[in-house]
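The block underneath contains the structure these notes are about, expressed in C-alpha cells.
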Amino acid sequence: MEQSDIKQWVGENAKGLMPDMAFAPEELDHIAMCMHHIYRWYCQGYPLGGFLTAVVRDEFSLACFLADDINRKALCLYALFLANKVGYDYKDKALKKGRAK
C-alpha cells in the first residue's frame, strides 16, 4: 500500500466518521504519513517512535499522553486503520518484539 492510498483512505474516513472533527489538509497529510509508517513497520520492519509504538501495542493511555495535537484528534482513525488496513496480528507482532523502534 502506497502513502497516496493511505492519504485517500484518511481523507474519506476522517470526514465520514467524525463529522464534527475538522482536519486541515496539513493535518491529514501528517496522519497519513504516520499511518504509512505503521504500514511499513508491519510489512517491512520500519522503526517506530514512542507514539506509534503505543498505538500498535494498543496502549491507549500512553498513546494519548505521547500524541501531539494532531494525533490526539485522530486516535479513532488510527484504531480504524489498524482494524481495517493492517494485518490482524499487528498487536501480537508489536508485543513480541518489545518496543517497536
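By order of appearance in the C-alpha cells: chains A, B, ..., then residues from 1 within every chain, and ligands from 1 in the order shown.
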
Next on the checklist: So that I can see what lies close to Asn84 of chain A, please list as a PyMOL selection string the residues with an atom at most 12 Å from it, counting only C-alpha atoms and leaving out residues fewer than 6 positions away in the same chain.
Outcome noted: chain A and resi 6+9-10+13+35+39+77-78+90

Next on the checklist: Quick one: residues within 12 Å of Leu80 of chain A, only C-alpha atoms, excluding same-chain residues fewer than 5 positions away - as an NGL selection string?
Outcome noted: :A and (9-10 or 13-14 or 17-18 or 35 or 55-56 or 74-75 or 85-86 or 88)

Item to check | For Phe65 of chain A: contacts at 9 Å, only C-alpha atoms, fewer than 5 positions along chain excluded, given as number ranges by chain | outcome: A: 51, 60, 72

The selected residues should be written to file as a PDB file, in the first residue's frame (atoms: N, CA, C and O atoms).
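File selection-v5.pdb, as written:
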```pdb
ATOM      1  N   PHE A  51       5.082   7.310  20.175  1.00  0.00           N
ATOM      2  CA  PHE A  51       3.643   7.405  19.984  1.00  0.00           C
ATOM      3  C   PHE A  51       3.116   6.251  19.150  1.00  0.00           C
ATOM      4  O   PHE A  51       2.162   5.568  19.542  1.00  0.00           O
ATOM      5  N   PHE A  60      -3.511   2.615  25.031  1.00  0.00           N
ATOM      6  CA  PHE A  60      -4.284   3.829  24.819  1.00  0.00           C
ATOM      7  C   PHE A  60      -3.823   5.002  25.689  1.00  0.00           C
ATOM      8  O   PHE A  60      -3.637   6.112  25.200  1.00  0.00           O
ATOM      9  N   ARG A  72      -3.728  13.420  18.576  1.00  0.00           N
ATOM     10  CA  ARG A  72      -4.731  13.270  19.643  1.00  0.00           C
ATOM     11  C   ARG A  72      -6.134  13.327  19.046  1.00  0.00           C
ATOM     12  O   ARG A  72      -7.020  12.576  19.441  1.00  0.00           O
TER      13      ARG A  72
END
```

Glu27 of chain A: which residues within 10 Å, counting only C-alpha atoms, same-chain residues fewer than 2 positions away excluded, as a PDB file with C-alpha atoms, in the first residue's frame?
```
ATOM      1  CA  ALA A  22     -12.307  19.252  11.282  1.00  0.00           C
ATOM      2  CA  PHE A  23      -8.871  18.400   9.933  1.00  0.00           C
ATOM      3  CA  ALA A  24      -6.780  20.813   7.897  1.00  0.00           C
ATOM      4  CA  PRO A  25      -5.138  19.378   4.775  1.00  0.00           C
ATOM      5  CA  ASP A  29      -1.037  14.666   5.427  1.00  0.00           C
ATOM      6  CA  HIS A  30       0.601  14.181   8.844  1.00  0.00           C
ATOM      7  CA  ILE A  31      -1.862  11.453   9.846  1.00  0.00           C
ATOM      8  CA  ALA A  32      -1.418   9.654   6.515  1.00  0.00           C
ATOM      9  CA  MET A  33       2.373   9.805   6.907  1.00  0.00           C
ATOM     10  CA  ASP A  69      -2.330  17.854  18.960  1.00  0.00           C
ATOM     11  CA  ILE A  70      -2.970  16.405  15.502  1.00  0.00           C
ATOM     12  CA  ASN A  71      -2.622  12.764  16.521  1.00  0.00           C
ATOM     13  CA  LYS A  73      -7.635  14.299  17.402  1.00  0.00           C
ATOM     14  CA  ALA A  74      -7.059  11.275  15.167  1.00  0.00           C
TER      15      ALA A  74
END
```

Next on the checklist: as a ChimeraX atom specification, please: every residue in chain A that DSSP puts in alpha helix (DSSP H).
Outcome noted: /A:3-17,25-44,50-56,60-66,69-73,75-85,90-96

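Among the candidates A:Glu12, A:Arg57, A:Cys64, A:Met1, the residue lying nearest to Lys96 of chain A is A:Arg57 (atoms considered: only C-alpha atoms).
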
Item to check | Nearest to Leu28 of chain A by atom-to-atom distance, counting only C-alpha atoms, from A:Tyr46, A:Arg40, A:Ser4, A:Ala63 | outcome: A:Ser4

Checklist entry - Using only C-alpha atoms, which of the listed residues (A:Gln44, A:Ala94, A:His37, A:Gln8) sits closest to Asp58 of chain A? => result A:Ala94

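Between atom CA of Gly49 of chain A and atom CA of Met21 of chain A the separation is 25.4 Å.
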
Checklist entry - Quick one: of A:Gly50, A:Gly11, A:Ala67, A:Tyr42, who's nearest to Asp92 of chain A, counting only C-alpha atoms? => result A:Tyr42
